[in-house]
Number of protein chains: 2
Amino acid sequence: MTETLPIAETSRLIASDLVNGTPVYSNNGEHLGSIRNFMVDKASGRTEYAVLQFGGFLGIGNDYYPIPWEKLGYEPIRGGYVVDITPDQIRSAPRYGEEAPLFDKDYDQTLSDYYRTPPPFI
Amino acid sequence: MTETLPIAETSRLIASDLVNGTPVYSNNGEHLGSIRNFMVDKASGRTEYAVLQFGGFLGIGNDYYPIPWEKLGYEPIRGGYVVDITPDQIRSAPRYGEEAPLFDKDYDQTLSDYYRTPPPFI
């Protein structure tokens with residue numbers, strides 16, 4: 001699979017409508033998938049989840065996986081994110097199809113329980 | 001002009017690809033324009049600028065105005081942002097057309113000088 005960097009990408013910032021397609025790697029360098037979008041707190045402007053799309057590798061199809069932001073690290077050299085989760089964790093992770101769920105407190109709790117991350121700043 | 005809320009908007013988070021069209025108001029309640037996109041720090045996930053699009057009202061056309069995040073306040077009741085800038089400030093503000101500039105340190109400096117905001121976290 002060929003990965004291309006989003007246009008209008010600069011050294012430090014990215015336009016919110018261009019994050020789609022940013023590659024995502026595992027800790028050991030495997031290409032896992034790509035970013036679909038970010039879920040951003042409307043008041044604070046903080047990204048709380050990156051929604052990942054895993055195509056091909058796991059054969060899962062068009063399911064989307066919201067991952068707490070603290071599980072991602074940006075790697076400028078690769079122009080992508082390394083995510084601190086295992087394929088096993090992904091297999092049973094919270095996911096959704098074309099219709100996104102309501103990201104309410106219950107869903108925040110589900111995600112923080114699953115990934116053992118602190119509940120998001122509220 | 002009829003404003004509609006982006007779909008998949010929840011009470012607290014918004015998908016980064018759906019911020020386009022979010023209405024923007026002045027301090028005294030005038031509808032000024034709408035959000036085109038956010039400029040997000042790839043490593044920290046923080047939104048540093050909201051890019052505003054002013055159509056009609058000022059007759060400026062398709063120019064885009066990056067505004068430091070701290071100049072915006074979110075108003076849940078209206079489902080939009082109130083921006084602490086005057087029409088006069090907008091008239092001579094840094095702007096660009098279809099091709100976005102490189103958001104480098106010089107541009108950060110230009111914007112923080114213009115809006116008298118602290119330079120963004122680096």
# chains A, B, ... in the order shown; residues from 1 in each chain; ligands from 1

call {"tool": "closest_atom_pairs", "arguments": {"of": "chain B", "to": "chain A", "cutoff": "9 Å", "atoms": "only C-alpha atoms", "output": "CSV"}}
result
residue,atom,partner,partner_atom,distance
B:Ala8,CA,A:Ala100,CA,6.6
B:Glu9,CA,A:Leu102,CA,8.1
B:Thr10,CA,A:Leu102,CA,5.9
B:Ser11,CA,A:Asp104,CA,7.2
B:Arg12,CA,A:Asp41,CA,5.8
B:Leu13,CA,A:Asp41,CA,4.4
B:Ile14,CA,A:Val40,CA,5.3
B:Ala15,CA,A:Met39,CA,4.6
B:Ser16,CA,A:Phe38,CA,5.1
B:Asp17,CA,A:Asp17,CA,4.7
B:Leu18,CA,A:Asp17,CA,7.9
B:Val19,CA,A:Ser16,CA,8.2
B:Asn20,CA,A:Asp17,CA,8.3
B:Arg36,CA,A:Asp17,CA,8.9
B:Asn37,CA,A:Ser16,CA,5.7
B:Phe38,CA,A:Ser16,CA,5.1
B:Met39,CA,A:Ala15,CA,4.6
B:Val40,CA,A:Leu13,CA,5.2
B:Asp41,CA,A:Leu13,CA,4.4
B:Lys42,CA,A:Leu13,CA,5.6
B:Ala43,CA,A:Tyr74,CA,5.2
B:Ser44,CA,A:Thr47,CA,8.2
B:Gly45,CA,A:Thr47,CA,4.9
B:Arg46,CA,A:Arg46,CA,4.7
B:Thr47,CA,A:Gly45,CA,4.9
B:Glu48,CA,A:Gly45,CA,7.8
B:Trp69,CA,A:Gly45,CA,7.6
B:Leu72,CA,A:Ala43,CA,8.7
B:Gly73,CA,A:Ala43,CA,6.8
B:Tyr74,CA,A:Ala43,CA,5.2
B:Glu75,CA,A:Ala43,CA,8.2
B:Pro76,CA,A:Ala43,CA,8.7
B:Tyr81,CA,A:Ala43,CA,8.9
B:Glu99,CA,A:Ala8,CA,8.2
B:Ala100,CA,A:Ala8,CA,6.6
B:Pro101,CA,A:Ala8,CA,8.0
B:Leu102,CA,A:Thr10,CA,5.9
B:Phe103,CA,A:Thr10,CA,6.3
B:Asp104,CA,A:Ser11,CA,7.3
B:Ile122,CA,A:Arg12,CA,8.7

call {"tool": "residues_around", "arguments": {"residues": "A:Ser92", "least_positions_apart": "5", "cutoff": "12 Å", "atoms": "only C-alpha atoms", "output": "short mmCIF file (atom, residue, chain, number, x, y, z; two decimals) with all heavy atoms, in the first residue's frame"}}
result
data_model
loop_
_atom_site.label_atom_id
_atom_site.label_comp_id
_atom_site.auth_asym_id
_atom_site.auth_seq_id
_atom_site.Cartn_x
_atom_site.Cartn_y
_atom_site.Cartn_z
N LEU A 58 -5.84 -6.59 8.95
CA LEU A 58 -6.62 -7.47 9.80
C LEU A 58 -7.91 -7.94 9.11
O LEU A 58 -8.67 -8.71 9.68
CB LEU A 58 -6.97 -6.76 11.11
CG LEU A 58 -5.76 -6.41 11.99
CD1 LEU A 58 -6.19 -5.52 13.14
CD2 LEU A 58 -5.11 -7.68 12.53
N ILE A 60 -10.63 -6.42 8.45
CA ILE A 60 -11.82 -6.09 9.23
C ILE A 60 -12.82 -5.27 8.43
O ILE A 60 -13.99 -5.22 8.75
CB ILE A 60 -11.40 -5.36 10.53
CG1 ILE A 60 -10.69 -6.34 11.47
CG2 ILE A 60 -12.60 -4.77 11.23
CD1 ILE A 60 -10.00 -5.70 12.63
N ASP A 63 -14.45 -0.69 9.60
CA ASP A 63 -14.77 -0.38 10.98
C ASP A 63 -13.81 0.69 11.47
O ASP A 63 -12.67 0.76 11.02
CB ASP A 63 -14.65 -1.63 11.86
CG ASP A 63 -15.86 -2.53 11.72
OD1 ASP A 63 -16.91 -2.04 11.26
OD2 ASP A 63 -15.75 -3.71 12.07
N TYR A 65 -12.09 2.72 14.83
CA TYR A 65 -11.67 2.48 16.20
C TYR A 65 -11.19 3.78 16.83
O TYR A 65 -10.11 4.27 16.47
CB TYR A 65 -10.51 1.47 16.22
CG TYR A 65 -10.87 0.12 15.70
CD1 TYR A 65 -11.07 -0.11 14.34
CD2 TYR A 65 -11.03 -0.96 16.57
CE1 TYR A 65 -11.43 -1.35 13.87
CE2 TYR A 65 -11.38 -2.21 16.10
CZ TYR A 65 -11.58 -2.40 14.75
OH TYR A 65 -11.94 -3.63 14.27
N ILE A 85 -0.72 -0.01 20.99
CA ILE A 85 -1.70 -1.07 21.20
C ILE A 85 -1.28 -2.27 20.35
O ILE A 85 -0.59 -2.12 19.34
CB ILE A 85 -3.14 -0.66 20.82
CG1 ILE A 85 -3.18 -0.02 19.42
CG2 ILE A 85 -3.72 0.31 21.84
CD1 ILE A 85 -4.57 0.36 18.97
N THR A 86 -1.70 -3.43 20.77
CA THR A 86 -1.33 -4.65 20.06
C THR A 86 -2.46 -5.06 19.13
O THR A 86 -3.62 -4.68 19.34
CB THR A 86 -1.10 -5.80 21.06
OG1 THR A 86 -2.35 -6.09 21.71
CG2 THR A 86 -0.08 -5.42 22.12
N PRO A 87 -2.15 -5.86 18.10
CA PRO A 87 -3.22 -6.41 17.25
C PRO A 87 -4.29 -7.13 18.06
O PRO A 87 -5.48 -7.03 17.75
CB PRO A 87 -2.46 -7.36 16.32
CG PRO A 87 -1.09 -6.76 16.21
CD PRO A 87 -0.81 -6.19 17.58
N LEU A 111 -14.24 3.52 26.65
CA LEU A 111 -12.92 3.60 26.01
C LEU A 111 -11.81 3.68 27.05
O LEU A 111 -10.76 3.03 26.90
CB LEU A 111 -12.87 4.80 25.06
CG LEU A 111 -13.79 4.67 23.83
CD1 LEU A 111 -13.92 6.01 23.11
CD2 LEU A 111 -13.26 3.60 22.87
N TYR A 114 -11.36 0.26 28.48
CA TYR A 114 -10.75 -0.70 27.57
C TYR A 114 -9.25 -0.45 27.42
O TYR A 114 -8.45 -1.38 27.45
CB TYR A 114 -11.43 -0.67 26.19
CG TYR A 114 -10.92 -1.80 25.33
CD1 TYR A 114 -11.42 -3.09 25.49
CD2 TYR A 114 -9.91 -1.59 24.39
CE1 TYR A 114 -10.93 -4.15 24.74
CE2 TYR A 114 -9.42 -2.64 23.63
CZ TYR A 114 -9.93 -3.91 23.82
OH TYR A 114 -9.43 -4.95 23.08
N TYR A 115 -8.88 0.80 27.24
CA TYR A 115 -7.47 1.11 26.99
C TYR A 115 -6.70 1.45 28.27
O TYR A 115 -5.51 1.75 28.21
CB TYR A 115 -7.36 2.25 25.98
CG TYR A 115 -7.76 1.83 24.58
CD1 TYR A 115 -8.96 2.25 24.02
CD2 TYR A 115 -6.95 0.97 23.83
CE1 TYR A 115 -9.34 1.85 22.74
CE2 TYR A 115 -7.32 0.55 22.56
CZ TYR A 115 -8.52 1.00 22.03
OH TYR A 115 -8.89 0.59 20.77
#

call {"tool": "calpha_fit_and_write", "arguments": {"fixed": "chain A", "moving": "chain B", "output": "short mmCIF file (atom, residue, chain, number, x, y, z; two decimals) with N, CA and C atoms, in the first residue's frame"}}
result
data_model
loop_
_atom_site.label_atom_id
_atom_site.label_comp_id
_atom_site.auth_asym_id
_atom_site.auth_seq_id
_atom_site.Cartn_x
_atom_site.Cartn_y
_atom_site.Cartn_z
N MET B 1 1.40 -1.19 0.02
CA MET B 1 0.50 -0.03 -0.02
C MET B 1 1.34 1.25 -0.01
N THR B 2 1.02 2.15 -0.88
CA THR B 2 1.75 3.41 -0.93
C THR B 2 1.06 4.44 -0.04
N GLU B 3 1.84 5.06 0.82
CA GLU B 3 1.29 6.11 1.68
C GLU B 3 1.76 7.46 1.15
N THR B 4 0.85 8.39 1.08
CA THR B 4 1.26 9.73 0.71
C THR B 4 0.89 10.67 1.84
N LEU B 5 1.70 11.67 2.04
CA LEU B 5 1.39 12.66 3.07
C LEU B 5 0.27 13.54 2.57
N PRO B 6 -0.61 13.94 3.49
CA PRO B 6 -1.67 14.88 3.09
C PRO B 6 -1.05 16.18 2.57
N ILE B 7 -1.68 16.76 1.57
CA ILE B 7 -1.20 18.07 1.15
C ILE B 7 -1.51 19.08 2.23
N ALA B 8 -0.88 20.21 2.15
CA ALA B 8 -1.04 21.29 3.13
C ALA B 8 -0.52 20.85 4.49
N GLU B 9 0.22 19.78 4.52
CA GLU B 9 0.86 19.41 5.79
C GLU B 9 2.09 20.28 5.95
N THR B 10 2.30 20.76 7.12
CA THR B 10 3.46 21.58 7.38
C THR B 10 4.30 20.83 8.38
N SER B 11 5.36 21.46 8.84
CA SER B 11 6.25 20.74 9.74
C SER B 11 5.58 20.43 11.08
N ARG B 12 4.62 21.25 11.50
CA ARG B 12 4.13 21.10 12.87
C ARG B 12 2.61 20.98 12.94
N LEU B 13 1.89 21.66 12.07
CA LEU B 13 0.43 21.67 12.10
C LEU B 13 -0.14 20.90 10.93
N ILE B 14 -1.35 20.44 11.12
CA ILE B 14 -2.07 19.82 10.00
C ILE B 14 -3.50 20.35 10.01
N ALA B 15 -4.04 20.54 8.81
CA ALA B 15 -5.44 20.99 8.70
C ALA B 15 -6.35 19.83 9.09
N SER B 16 -7.37 20.16 9.89
CA SER B 16 -8.22 19.12 10.46
C SER B 16 -8.93 18.29 9.39
N ASP B 17 -9.14 18.86 8.22
CA ASP B 17 -9.82 18.11 7.17
C ASP B 17 -8.85 17.28 6.33
N LEU B 18 -7.59 17.30 6.71
CA LEU B 18 -6.58 16.55 5.94
C LEU B 18 -5.91 15.46 6.76
N VAL B 19 -6.40 15.19 7.95
CA VAL B 19 -5.77 14.14 8.75
C VAL B 19 -6.11 12.76 8.21
N ASN B 20 -7.22 12.66 7.50
CA ASN B 20 -7.64 11.38 6.93
C ASN B 20 -6.52 10.79 6.08
N GLY B 21 -6.19 9.53 6.35
CA GLY B 21 -5.17 8.86 5.56
C GLY B 21 -3.78 8.86 6.17
N THR B 22 -3.59 9.64 7.23
CA THR B 22 -2.28 9.63 7.89
C THR B 22 -1.97 8.20 8.37
N PRO B 23 -0.81 7.66 8.02
CA PRO B 23 -0.54 6.26 8.37
C PRO B 23 -0.33 6.05 9.87
N VAL B 24 -0.67 4.84 10.30
CA VAL B 24 -0.53 4.45 11.70
C VAL B 24 0.26 3.14 11.76
N TYR B 25 1.26 3.13 12.62
CA TYR B 25 2.14 1.97 12.76
C TYR B 25 2.06 1.40 14.17
N SER B 26 2.39 0.13 14.26
CA SER B 26 2.50 -0.48 15.58
C SER B 26 3.87 -0.14 16.18
N ASN B 27 4.02 -0.48 17.46
CA ASN B 27 5.28 -0.25 18.14
C ASN B 27 6.47 -0.89 17.43
N ASN B 28 6.25 -2.01 16.79
CA ASN B 28 7.37 -2.66 16.11
C ASN B 28 7.42 -2.37 14.61
N GLY B 29 6.73 -1.30 14.20
CA GLY B 29 6.93 -0.78 12.86
C GLY B 29 5.99 -1.30 11.79
N GLU B 30 5.09 -2.21 12.15
CA GLU B 30 4.13 -2.67 11.16
C GLU B 30 3.15 -1.56 10.79
N HIS B 31 2.78 -1.53 9.53
CA HIS B 31 1.72 -0.60 9.12
C HIS B 31 0.38 -1.20 9.49
N LEU B 32 -0.35 -0.54 10.38
CA LEU B 32 -1.61 -1.08 10.88
C LEU B 32 -2.82 -0.55 10.14
N GLY B 33 -2.78 0.71 9.77
CA GLY B 33 -3.95 1.33 9.15
C GLY B 33 -3.71 2.81 9.02
N SER B 34 -4.79 3.57 9.10
CA SER B 34 -4.65 5.01 8.92
C SER B 34 -5.68 5.75 9.77
N ILE B 35 -5.45 7.04 9.90
CA ILE B 35 -6.37 7.90 10.62
C ILE B 35 -7.60 8.16 9.76
N ARG B 36 -8.77 8.04 10.35
CA ARG B 36 -9.97 8.51 9.65
C ARG B 36 -10.23 9.98 10.01
N ASN B 37 -10.30 10.26 11.29
CA ASN B 37 -10.47 11.65 11.73
C ASN B 37 -10.08 11.76 13.19
N PHE B 38 -10.10 12.99 13.70
CA PHE B 38 -9.86 13.23 15.11
C PHE B 38 -11.19 13.62 15.75
N MET B 39 -11.37 13.26 17.02
CA MET B 39 -12.52 13.77 17.77
C MET B 39 -11.99 14.86 18.70
N VAL B 40 -12.48 16.08 18.48
CA VAL B 40 -11.92 17.26 19.11
C VAL B 40 -12.94 17.87 20.08
N ASP B 41 -12.47 18.26 21.25
CA ASP B 41 -13.32 18.96 22.20
C ASP B 41 -13.62 20.35 21.63
N LYS B 42 -14.90 20.64 21.47
CA LYS B 42 -15.27 21.89 20.80
C LYS B 42 -14.87 23.12 21.58
N ALA B 43 -14.85 23.01 22.90
CA ALA B 43 -14.54 24.18 23.71
C ALA B 43 -13.03 24.36 23.89
N SER B 44 -12.32 23.29 24.19
CA SER B 44 -10.90 23.43 24.48
C SER B 44 -10.02 23.31 23.24
N GLY B 45 -10.55 22.70 22.18
CA GLY B 45 -9.75 22.49 20.98
C GLY B 45 -8.81 21.29 21.08
N ARG B 46 -8.88 20.54 22.16
CA ARG B 46 -7.99 19.40 22.30
C ARG B 46 -8.52 18.17 21.57
N THR B 47 -7.63 17.47 20.92
CA THR B 47 -8.00 16.18 20.33
C THR B 47 -8.04 15.14 21.43
N GLU B 48 -9.17 14.46 21.58
CA GLU B 48 -9.29 13.45 22.63
C GLU B 48 -9.16 12.03 22.09
N TYR B 49 -9.63 11.82 20.86
CA TYR B 49 -9.47 10.50 20.26
C TYR B 49 -9.02 10.66 18.81
N ALA B 50 -8.18 9.73 18.38
CA ALA B 50 -7.91 9.57 16.96
C ALA B 50 -8.71 8.35 16.53
N VAL B 51 -9.47 8.51 15.47
CA VAL B 51 -10.26 7.38 14.98
C VAL B 51 -9.45 6.68 13.90
N LEU B 52 -9.18 5.39 14.15
CA LEU B 52 -8.33 4.62 13.25
C LEU B 52 -9.16 3.71 12.37
N GLN B 53 -8.65 3.50 11.19
CA GLN B 53 -9.29 2.66 10.20
C GLN B 53 -8.27 1.58 9.85
N PHE B 54 -8.66 0.35 10.06
CA PHE B 54 -7.75 -0.74 9.77
C PHE B 54 -8.24 -1.47 8.54
N GLY B 55 -7.56 -1.29 7.46
CA GLY B 55 -7.96 -1.96 6.23
C GLY B 55 -6.97 -3.05 5.90
N GLY B 56 -7.42 -4.09 5.24
CA GLY B 56 -6.49 -5.09 4.72
C GLY B 56 -5.84 -5.92 5.80
N PHE B 57 -4.89 -5.36 6.48
CA PHE B 57 -4.05 -6.10 7.41
C PHE B 57 -4.82 -7.08 8.29
N LEU B 58 -5.87 -6.59 8.92
CA LEU B 58 -6.63 -7.48 9.78
C LEU B 58 -7.92 -7.96 9.13
N GLY B 59 -8.15 -7.50 7.92
CA GLY B 59 -9.33 -7.95 7.18
C GLY B 59 -10.64 -7.57 7.84
N ILE B 60 -10.65 -6.43 8.50
CA ILE B 60 -11.82 -6.08 9.29
C ILE B 60 -12.82 -5.25 8.51
N GLY B 61 -12.36 -4.62 7.42
CA GLY B 61 -13.28 -3.80 6.62
C GLY B 61 -13.41 -2.40 7.16
N ASN B 62 -14.56 -1.79 6.92
CA ASN B 62 -14.73 -0.39 7.26
C ASN B 62 -15.23 -0.17 8.68
N ASP B 63 -14.51 -0.69 9.63
CA ASP B 63 -14.81 -0.37 11.02
C ASP B 63 -13.85 0.69 11.50
N TYR B 64 -14.34 1.49 12.42
CA TYR B 64 -13.55 2.61 12.92
C TYR B 64 -13.34 2.45 14.42
N TYR B 65 -12.11 2.74 14.84
CA TYR B 65 -11.70 2.49 16.22
C TYR B 65 -11.22 3.79 16.85
N PRO B 66 -11.98 4.32 17.79
CA PRO B 66 -11.49 5.53 18.47
C PRO B 66 -10.44 5.14 19.52
N ILE B 67 -9.29 5.77 19.43
CA ILE B 67 -8.16 5.48 20.33
C ILE B 67 -7.84 6.72 21.14
N PRO B 68 -7.74 6.60 22.46
CA PRO B 68 -7.38 7.78 23.26
C PRO B 68 -6.07 8.39 22.77
N TRP B 69 -6.07 9.71 22.71
CA TRP B 69 -4.93 10.42 22.13
C TRP B 69 -3.60 10.03 22.78
N GLU B 70 -3.63 9.78 24.09
CA GLU B 70 -2.36 9.49 24.77
C GLU B 70 -1.74 8.17 24.34
N LYS B 71 -2.47 7.36 23.59
CA LYS B 71 -1.89 6.11 23.08
C LYS B 71 -1.11 6.33 21.78
N LEU B 72 -1.17 7.53 21.24
CA LEU B 72 -0.51 7.82 19.97
C LEU B 72 0.73 8.68 20.16
N GLY B 73 1.74 8.39 19.37
CA GLY B 73 2.91 9.26 19.32
C GLY B 73 3.17 9.63 17.87
N TYR B 74 3.49 10.89 17.64
CA TYR B 74 3.73 11.30 16.26
C TYR B 74 5.20 11.10 15.91
N GLU B 75 5.46 10.55 14.74
CA GLU B 75 6.83 10.35 14.27
C GLU B 75 7.05 11.17 13.01
N PRO B 76 7.68 12.32 13.17
CA PRO B 76 7.84 13.22 12.03
C PRO B 76 8.54 12.57 10.84
N ILE B 77 9.51 11.71 11.11
CA ILE B 77 10.28 11.15 10.00
C ILE B 77 9.37 10.30 9.09
N ARG B 78 8.46 9.57 9.72
CA ARG B 78 7.55 8.75 8.92
C ARG B 78 6.29 9.51 8.52
N GLY B 79 6.08 10.67 9.12
CA GLY B 79 4.86 11.40 8.81
C GLY B 79 3.62 10.67 9.25
N GLY B 80 3.74 9.91 10.35
CA GLY B 80 2.58 9.15 10.82
C GLY B 80 2.64 8.92 12.32
N TYR B 81 1.68 8.14 12.79
CA TYR B 81 1.58 7.88 14.23
C TYR B 81 1.99 6.46 14.55
N VAL B 82 2.62 6.32 15.70
CA VAL B 82 2.85 5.00 16.27
C VAL B 82 1.87 4.85 17.42
N VAL B 83 1.18 3.73 17.45
CA VAL B 83 0.14 3.55 18.44
C VAL B 83 0.53 2.41 19.37
N ASP B 84 0.35 2.65 20.65
CA ASP B 84 0.80 1.71 21.67
C ASP B 84 -0.32 0.71 21.99
N ILE B 85 -0.74 -0.01 20.97
CA ILE B 85 -1.72 -1.08 21.18
C ILE B 85 -1.30 -2.28 20.33
N THR B 86 -1.71 -3.45 20.76
CA THR B 86 -1.34 -4.67 20.05
C THR B 86 -2.48 -5.09 19.12
N PRO B 87 -2.17 -5.88 18.10
CA PRO B 87 -3.24 -6.41 17.24
C PRO B 87 -4.31 -7.14 18.06
N ASP B 88 -3.90 -7.83 19.12
CA ASP B 88 -4.89 -8.50 19.97
C ASP B 88 -5.84 -7.50 20.62
N GLN B 89 -5.28 -6.39 21.07
CA GLN B 89 -6.14 -5.36 21.67
C GLN B 89 -7.12 -4.81 20.65
N ILE B 90 -6.65 -4.69 19.43
CA ILE B 90 -7.51 -4.13 18.39
C ILE B 90 -8.68 -5.07 18.10
N ARG B 91 -8.39 -6.37 18.09
CA ARG B 91 -9.41 -7.33 17.67
C ARG B 91 -10.71 -7.21 18.46
N SER B 92 -10.58 -6.94 19.74
CA SER B 92 -11.80 -6.86 20.57
C SER B 92 -12.11 -5.44 21.02
N ALA B 93 -11.51 -4.47 20.36
CA ALA B 93 -11.66 -3.08 20.80
C ALA B 93 -13.02 -2.51 20.40
N PRO B 94 -13.49 -1.49 21.14
CA PRO B 94 -14.71 -0.78 20.74
C PRO B 94 -14.56 -0.21 19.33
N ARG B 95 -15.60 -0.37 18.55
CA ARG B 95 -15.55 0.02 17.14
C ARG B 95 -16.94 0.40 16.67
N TYR B 96 -17.00 1.05 15.53
CA TYR B 96 -18.30 1.33 14.93
C TYR B 96 -18.17 1.35 13.42
N GLY B 97 -19.32 1.31 12.76
CA GLY B 97 -19.34 1.31 11.30
C GLY B 97 -19.53 2.73 10.77
N GLU B 98 -20.31 2.88 9.72
CA GLU B 98 -20.44 4.20 9.10
C GLU B 98 -21.08 5.22 10.03
N GLU B 99 -21.95 4.75 10.91
CA GLU B 99 -22.61 5.69 11.81
C GLU B 99 -21.87 5.77 13.15
N ALA B 100 -21.33 6.94 13.43
CA ALA B 100 -20.58 7.11 14.67
C ALA B 100 -21.53 7.13 15.86
N PRO B 101 -21.10 6.58 16.99
CA PRO B 101 -21.92 6.64 18.20
C PRO B 101 -21.86 8.04 18.80
N LEU B 102 -22.73 8.27 19.76
CA LEU B 102 -22.63 9.49 20.54
C LEU B 102 -21.43 9.36 21.48
N PHE B 103 -20.51 10.28 21.37
CA PHE B 103 -19.35 10.26 22.27
C PHE B 103 -19.74 10.93 23.58
N ASP B 104 -20.52 10.22 24.37
CA ASP B 104 -20.95 10.77 25.64
C ASP B 104 -20.10 10.19 26.78
N LYS B 105 -20.49 10.50 28.00
CA LYS B 105 -19.66 10.06 29.13
C LYS B 105 -19.57 8.54 29.23
N ASP B 106 -20.66 7.87 28.90
CA ASP B 106 -20.63 6.41 28.94
C ASP B 106 -19.61 5.84 27.95
N TYR B 107 -19.59 6.44 26.77
CA TYR B 107 -18.65 5.95 25.76
C TYR B 107 -17.21 6.30 26.16
N ASP B 108 -17.03 7.51 26.71
CA ASP B 108 -15.71 7.86 27.26
C ASP B 108 -15.26 6.80 28.27
N GLN B 109 -16.19 6.39 29.12
CA GLN B 109 -15.87 5.42 30.16
C GLN B 109 -15.52 4.07 29.54
N THR B 110 -16.29 3.65 28.56
CA THR B 110 -16.01 2.40 27.85
C THR B 110 -14.60 2.40 27.28
N LEU B 111 -14.23 3.52 26.66
CA LEU B 111 -12.92 3.60 26.02
C LEU B 111 -11.79 3.67 27.04
N SER B 112 -12.01 4.44 28.12
CA SER B 112 -10.94 4.55 29.11
C SER B 112 -10.79 3.23 29.87
N ASP B 113 -11.90 2.51 30.06
CA ASP B 113 -11.79 1.17 30.67
C ASP B 113 -11.02 0.23 29.76
N TYR B 114 -11.36 0.26 28.48
CA TYR B 114 -10.74 -0.70 27.57
C TYR B 114 -9.25 -0.46 27.42
N TYR B 115 -8.86 0.80 27.23
CA TYR B 115 -7.46 1.11 26.99
C TYR B 115 -6.69 1.44 28.26
N ARG B 116 -7.39 1.40 29.40
CA ARG B 116 -6.76 1.74 30.69
C ARG B 116 -6.08 3.10 30.65
N THR B 117 -6.80 4.04 30.12
CA THR B 117 -6.33 5.41 30.09
C THR B 117 -7.21 6.24 31.01
N PRO B 118 -6.70 7.38 31.49
CA PRO B 118 -7.56 8.23 32.34
C PRO B 118 -8.76 8.71 31.54
N PRO B 119 -9.91 8.88 32.18
CA PRO B 119 -11.05 9.46 31.47
C PRO B 119 -10.66 10.83 30.94
N PRO B 120 -11.20 11.23 29.80
CA PRO B 120 -10.82 12.52 29.21
C PRO B 120 -11.17 13.69 30.12
N PHE B 121 -10.42 14.73 29.94
CA PHE B 121 -10.66 16.01 30.60
C PHE B 121 -12.07 16.47 30.25
N ILE B 122 -12.84 16.87 31.25
CA ILE B 122 -14.20 17.30 30.99
C ILE B 122 -14.39 18.73 31.48
#

call {"tool": "select_by_dssp", "arguments": {"residues": "stretch 2-122 of chain A", "states": "alpha helix (DSSP H)", "output": "list in words"}}
result
Pro87, Asp88, Gln89, Ile90, Arg91, Lys105, Asp106, Tyr107, Asp108, Gln109, Thr110, Leu111, Ser112, Asp113, Tyr114 and Tyr115 of chain A

call {"tool": "select_by_dssp", "arguments": {"residues": "stretch 16-70 of chain B", "states": "strand (DSSP E or B)", "output": "list in words"}}
result
Pro23, Val24, Tyr25, Ser26, His31, Leu32, Gly33, Ser34, Ile35, Arg36, Asn37, Phe38, Met39, Val40, Asp41, Arg46, Thr47, Glu48, Tyr49, Ala50, Val51, Leu52, Gln53, Tyr64, Tyr65, Pro66, Ile67 and Pro68 of chain B
